[in-house]
Every structure is written in structure tokens, then in C-alpha cells.
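Visitor: Structure below; questions to follow.
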Number of protein chains: 2
Amino acid sequence: MSNALDRAQLEEANAEFYAAFEEGDLDRMAALWADGPYAPGVSCVHPGWSMLRGREEVLRSWALIMANTSYIQFVLTDVRTDVYGDQAVVTCNENILTAGDDSETGFLAGGSVVSTNVFVRSGGEWRLLLHHGSPILNGAEEE
Amino acid sequence: MSNALDRAQLEEANAEFYAAFEEGDLDRMAALWADGPYAPGVSCVHPGWSMLRGREEVLRSWALIMANTSYIQFVLTDVRTDVYGDQAVVTCNENILTAGDDSETGFLAGGSVVSTNVFVRSGGEWRLLLHHGSPILNGAEEE
């Protein structure tokens with residue numbers, strides 16, 4: 001269901017998402033998210049938040065979060081990439097180091113976040129369609 | 001990117017997921033989740049949990065959760081369905097009424113959960129490939 005090139009490109013696109021956040025670069029973030037016919041389907045859940053929908057609303061949230069994050073760094077573990085034609089699902093654990101979080105944004109920083117990132121191939125490039133991050137609150141999964 | 005029939009079938013499949021949970025019917029739950037070549041890609045995040053991967057591990061978690069849930073009822077709101085060929089993304093808010101939750105399972109019951117459900121069309125049927133549910137912890141998204 002996938003080939004090595006797709007997987008390599010997807011891992012790069014997934015890494016770009018976190019790099020754009022680390023750099024606080026909204027232009028890079030905007031370039032990664034799907035656009036055009038996919039714009040209405042763009043969806044994002046920040047940890048502890050409800051669903052944001054549509055490219056405009058999602059990018060507005062990133063502008064807000066970036067403006068309130070002075071420092072953040074991700075170490076990704078358990079990155080898994082599954083390709084289904086022109087769609088793909090990348091899941092990973094975000095191990096987060098952060099400082100200067102403004103609690104007014106509601107963004108939960110620090111600790112571990114589990115993330116689902118859905119990509120679509122558009123114009124030959126993998127673009128982010130959906131991001132769903134959620135806090136890992138317990139160790140029940142280790143049973 | 002979608003037609004009315006696809007959307008109707010997806011809403012039905014999405015409703016079946018919650019109905020199977022409400023009924024505590026593991027066979028119905030198992031029938032809904034993707035199988036065959038999709039089995040390794042089956043992924044699930046219960047609210048507050050980390051990622052479970054693979055059909056077997058995911059169904060084992062449902063058996064555990066169902067065994068520890070004496071009563072649960074979902075009212076879904078903000079259901080949104082986006083179809084991309086043979087893949088689809090359904091997002092919704094789960095408004096949960098529950099009783100008899102066993103805290104040993106780590107399952108967070110009650111209140112609101114935001115959910116991403118990714119489906120694949122397999123053998124002419126929409127099957128659940130990924131479920132990611134997370135607790136809504138604040139009202140920051142309403143800014």
C-alpha cells in the first residue's frame with residue numbers, strides 16, 4: 001500500500017510541520033496545510049481543544065499559538081506512516097520541551113502528546129489535511 | 001469530492017461505531033473496523049490514552065473498555081464528513097452520558113470528547129481505520 005519514496009516524502013512533510021512550529025514560522029506552516037478544494041476540510045485539534053475547521057480558522061489558531069510560545073521543541077517517537085493512494089496517515093508521539101506558554105491560549109505544553117496527522121497528495125506534494133493532538137494522561141495503554 | 005450516497009453511508013458507519021459501543025457489542029465493533037490488508041494500519045486513541053496500533057490491539061482495548069462500562073450513551077454533534085475517493089474523514093463531538101466506569105481502564109467518561117474517525121472503503125463498505133478521541137479541557141477555541 002505504499003512505497004519507500006512516498007514514505008520518505010511523508011516523513012519529511014510531517015517533520016516540516018513540527019519544524020515550522022518550532023521556528024514560529026507561520027508562512028511555512030501555511031504552505032504545509034492543504035489549500036484549494038481541500039481548504040474547507042482542513043481540521044485541527046490542539047491538545048485539550050475542540051475541533052477547528054477550515055484552513056482560515058486553523059491557521060488563525062497557529063498564529064495565536066505561535067505568538068504565545070517563546071520556545072518549543074519536539075522530539076518525535078513512534079512515527080508510523082501508512083499510505084493509501086493519495087491519502088496518508090502519520091501517527092507519532094510528540095515529546096515536548098517548551099517554555100513561555102501563555103495559559104490564555106489554553107495550549108497544554110510539556111509532557112507527551114499523541115498525534116494523528118492526515119495528509120493528502122495535492123499538486124504532487126503531501127499537504128496536511130488534519131492534525132489531532134491529545135494529551136497522554138495516564139499509563140493505561142501499557143496493560 | 002463526495003456525493004450524497006457516500007456521505008449517507010459514512011454517517012451510518014460512524015453511527016454504527018457509537019451504537020456498537022453503547023450496546024457493548026464487540027462483534028459489531030469488530031465488524032466495523034478495517035481488516036485484511038488494512039489490519040496493521042488500524043489505530044485508536046482513547047481519550048487520554050496513547051496510540052494503540054493494529055487491529056488486534058485495538059479490539060482488545062475495546063473488549064477491556066466494554067467490560068468496564070456498564071452504561072454509556074453518545075449524543076453526537078457537529079458531525080462533519082469529508083470524502084476523498086476511497087478514504088474519508090468524519091469528525092464529531094461526542095457528548096457522553098455514562099455510569100459505572102472502572103477507573104482502572106483509564107477511560108475518561110463524561111463530558112465532551114472531540115473525535116476524528118478515518119474510514120476506508122473496503123469491499124464496497126466503509127470500514128473504520130483510525131479513531132482518535134480526546135477530552136475537551138477548556139474553552140480556548142471559542143476566542
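How things are named: the first chain in the C-alpha cells is A, the next is B, and so on; residues count from 1 in each chain; ligands count from 1 in the order shown.
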Can you list, as a JSON list (two decimals) with C-alpha atoms, in the first residue's frame, all residues belonging to stretch 1-114 of chain A that DSSP tags as strand (DSSP E or B)?
Guide:
```json
[["chain", "number", "residue", "atom", "x", "y", "z"],
["A", 33, "TRP", "CA", -1.53, 22.82, 5.15],
["A", 43, "SER", "CA", -9.22, 20.38, 10.52],
["A", 44, "CYS", "CA", -7.15, 20.70, 13.66],
["A", 45, "VAL", "CA", -7.43, 19.69, 17.31],
["A", 52, "LEU", "CA", -11.18, 23.77, 14.49],
["A", 53, "ARG", "CA", -12.41, 23.56, 10.91],
["A", 71, "TYR", "CA", 10.22, 28.31, 22.86],
["A", 72, "ILE", "CA", 9.11, 24.84, 21.89],
["A", 73, "GLN", "CA", 10.95, 21.76, 20.75],
["A", 74, "PHE", "CA", 9.65, 18.39, 19.63],
["A", 75, "VAL", "CA", 11.26, 15.01, 19.77],
["A", 76, "LEU", "CA", 9.08, 12.64, 17.78],
["A", 77, "THR", "CA", 8.91, 8.96, 18.66],
["A", 78, "ASP", "CA", 6.87, 6.04, 17.34],
["A", 79, "VAL", "CA", 6.43, 7.72, 13.95],
["A", 80, "ARG", "CA", 4.27, 5.49, 11.78],
["A", 81, "THR", "CA", 3.34, 6.21, 8.19],
["A", 82, "ASP", "CA", 0.56, 4.47, 6.26],
["A", 83, "VAL", "CA", -0.08, 5.43, 2.64],
["A", 84, "TYR", "CA", -3.42, 4.83, 0.94],
["A", 87, "GLN", "CA", -4.08, 9.96, 1.25],
["A", 88, "ALA", "CA", -1.83, 9.07, 4.13],
["A", 89, "VAL", "CA", -1.95, 8.82, 7.90],
["A", 90, "VAL", "CA", 1.09, 9.62, 10.02],
["A", 91, "THR", "CA", 0.87, 8.98, 13.74],
["A", 92, "CYS", "CA", 3.51, 9.86, 16.28],
["A", 93, "ASN", "CA", 4.24, 10.76, 19.86],
["A", 94, "GLU", "CA", 5.30, 14.34, 20.42],
["A", 95, "ASN", "CA", 7.75, 14.61, 23.32],
["A", 96, "ILE", "CA", 7.65, 18.32, 24.05],
["A", 97, "LEU", "CA", 10.05, 20.72, 25.67],
["A", 98, "THR", "CA", 8.62, 24.19, 26.00],
["A", 99, "ALA", "CA", 8.88, 27.49, 27.84],
["A", 111, "GLY", "CA", 4.97, 16.21, 28.56],
["A", 112, "SER", "CA", 3.66, 13.91, 25.90],
["A", 113, "VAL", "CA", 1.11, 14.38, 23.16],
["A", 114, "VAL", "CA", -0.13, 11.68, 20.81]]
```
Visitor: DSSP on the backbone: which residues in stretch 48-136 of chain A end up as alpha helix (DSSP H)? Give the answer as a PDB file with N, CA and C atoms, in the first residue's frame.
Guide:
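Below is the file result-v7.pdb, written as the result:
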```
ATOM      1  N   ARG A  55      -9.366  25.968   6.636  1.00  0.00           N
ATOM      2  CA  ARG A  55      -7.972  26.429   6.604  1.00  0.00           C
ATOM      3  C   ARG A  55      -7.772  27.750   7.338  1.00  0.00           C
ATOM      4  N   GLU A  56      -8.721  28.672   7.158  1.00  0.00           N
ATOM      5  CA  GLU A  56      -8.562  30.002   7.746  1.00  0.00           C
ATOM      6  C   GLU A  56      -8.574  29.942   9.274  1.00  0.00           C
ATOM      7  N   GLU A  57      -9.540  29.218   9.828  1.00  0.00           N
ATOM      8  CA  GLU A  57      -9.655  29.112  11.279  1.00  0.00           C
ATOM      9  C   GLU A  57      -8.449  28.379  11.867  1.00  0.00           C
ATOM     10  N   VAL A  58      -7.996  27.353  11.164  1.00  0.00           N
ATOM     11  CA  VAL A  58      -6.852  26.579  11.660  1.00  0.00           C
ATOM     12  C   VAL A  58      -5.590  27.434  11.660  1.00  0.00           C
ATOM     13  N   LEU A  59      -5.352  28.159  10.580  1.00  0.00           N
ATOM     14  CA  LEU A  59      -4.132  28.987  10.529  1.00  0.00           C
ATOM     15  C   LEU A  59      -4.201  30.130  11.539  1.00  0.00           C
ATOM     16  N   ARG A  60      -5.402  30.633  11.788  1.00  0.00           N
ATOM     17  CA  ARG A  60      -5.546  31.679  12.804  1.00  0.00           C
ATOM     18  C   ARG A  60      -5.124  31.137  14.179  1.00  0.00           C
ATOM     19  N   SER A  61      -5.482  29.880  14.439  1.00  0.00           N
ATOM     20  CA  SER A  61      -5.103  29.281  15.734  1.00  0.00           C
ATOM     21  C   SER A  61      -3.588  29.134  15.834  1.00  0.00           C
ATOM     22  N   TRP A  62      -2.959  28.790  14.722  1.00  0.00           N
ATOM     23  CA  TRP A  62      -1.495  28.662  14.745  1.00  0.00           C
ATOM     24  C   TRP A  62      -0.818  30.003  14.965  1.00  0.00           C
ATOM     25  N   ALA A  63      -1.359  31.034  14.372  1.00  0.00           N
ATOM     26  CA  ALA A  63      -0.809  32.372  14.603  1.00  0.00           C
ATOM     27  C   ALA A  63      -0.900  32.731  16.075  1.00  0.00           C
ATOM     28  N   LEU A  64      -2.031  32.417  16.690  1.00  0.00           N
ATOM     29  CA  LEU A  64      -2.242  32.696  18.113  1.00  0.00           C
ATOM     30  C   LEU A  64      -1.284  31.886  18.978  1.00  0.00           C
ATOM     31  N   ILE A  65      -1.171  30.616  18.690  1.00  0.00           N
ATOM     32  CA  ILE A  65      -0.305  29.738  19.494  1.00  0.00           C
ATOM     33  C   ILE A  65       1.160  30.147  19.342  1.00  0.00           C
ATOM     34  N   MET A  66       1.564  30.422  18.108  1.00  0.00           N
ATOM     35  CA  MET A  66       2.957  30.821  17.889  1.00  0.00           C
ATOM     36  C   MET A  66       3.280  32.132  18.608  1.00  0.00           C
ATOM     37  N   ALA A  67       2.304  33.058  18.606  1.00  0.00           N
ATOM     38  CA  ALA A  67       2.525  34.350  19.267  1.00  0.00           C
ATOM     39  C   ALA A  67       2.678  34.182  20.777  1.00  0.00           C
TER      40      ALA A  67
END
```
Visitor: Write out as a PyMOL selection string each polymer residue whose atoms come within 8 Å of A:His132, counting only C-alpha atoms; drop sequence neighbours fewer than 5 positions from it.
Guide: (chain A and resi 44-47+115-117) or (chain B and resi 116+132)
Visitor: Taking only C-alpha atoms into account, name the residue in A:Ser122, A:Asn3, A:Gln9, A:Ser50 that is nearest to chain B.
Guide: A:Ser50
Visitor: Pick out the closest residue to chain A from this set: B:Gly48, B:Gly133, B:Gly85, B:Gly123. Count only C-alpha atoms.
Guide: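 Among B:Gly48, B:Gly133, B:Gly85, B:Gly123, it is B:Gly48 that comes nearest to chain A.
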Visitor: So, with only C-alpha atoms as the atoms that count, which of B:Ala34, B:Leu130, B:Ala15, B:Ala20 lies closest to chain A?
Guide: B:Leu130
Visitor: From the list B:Asp86, B:Asp25, B:Glu11, B:Glu16, which residue is nearest chain A when using only C-alpha atoms?
Guide: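 Using only C-alpha atoms, chain A sits closest to B:Asp86.
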Visitor: Atom CA of A:Thr69 and atom CA of A:Glu23 are how many Å apart?
Guide: 10.2 Å
Visitor: Using only C-alpha atoms, can you tell me which of A:Leu26, A:Leu128, A:Met51, A:Ala4 comes closest to chain B?
Guide: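 The answer is A:Met51, which sits nearest to chain B.
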Visitor: Pick from A:Glu12, A:Pro37, A:Gly54, A:Ser70: nearest to A:Gly24, with only C-alpha atoms counted?
Guide: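 Of A:Glu12, A:Pro37, A:Gly54, A:Ser70, the one nearest A:Gly24, counting only C-alpha atoms, is A:Ser70.
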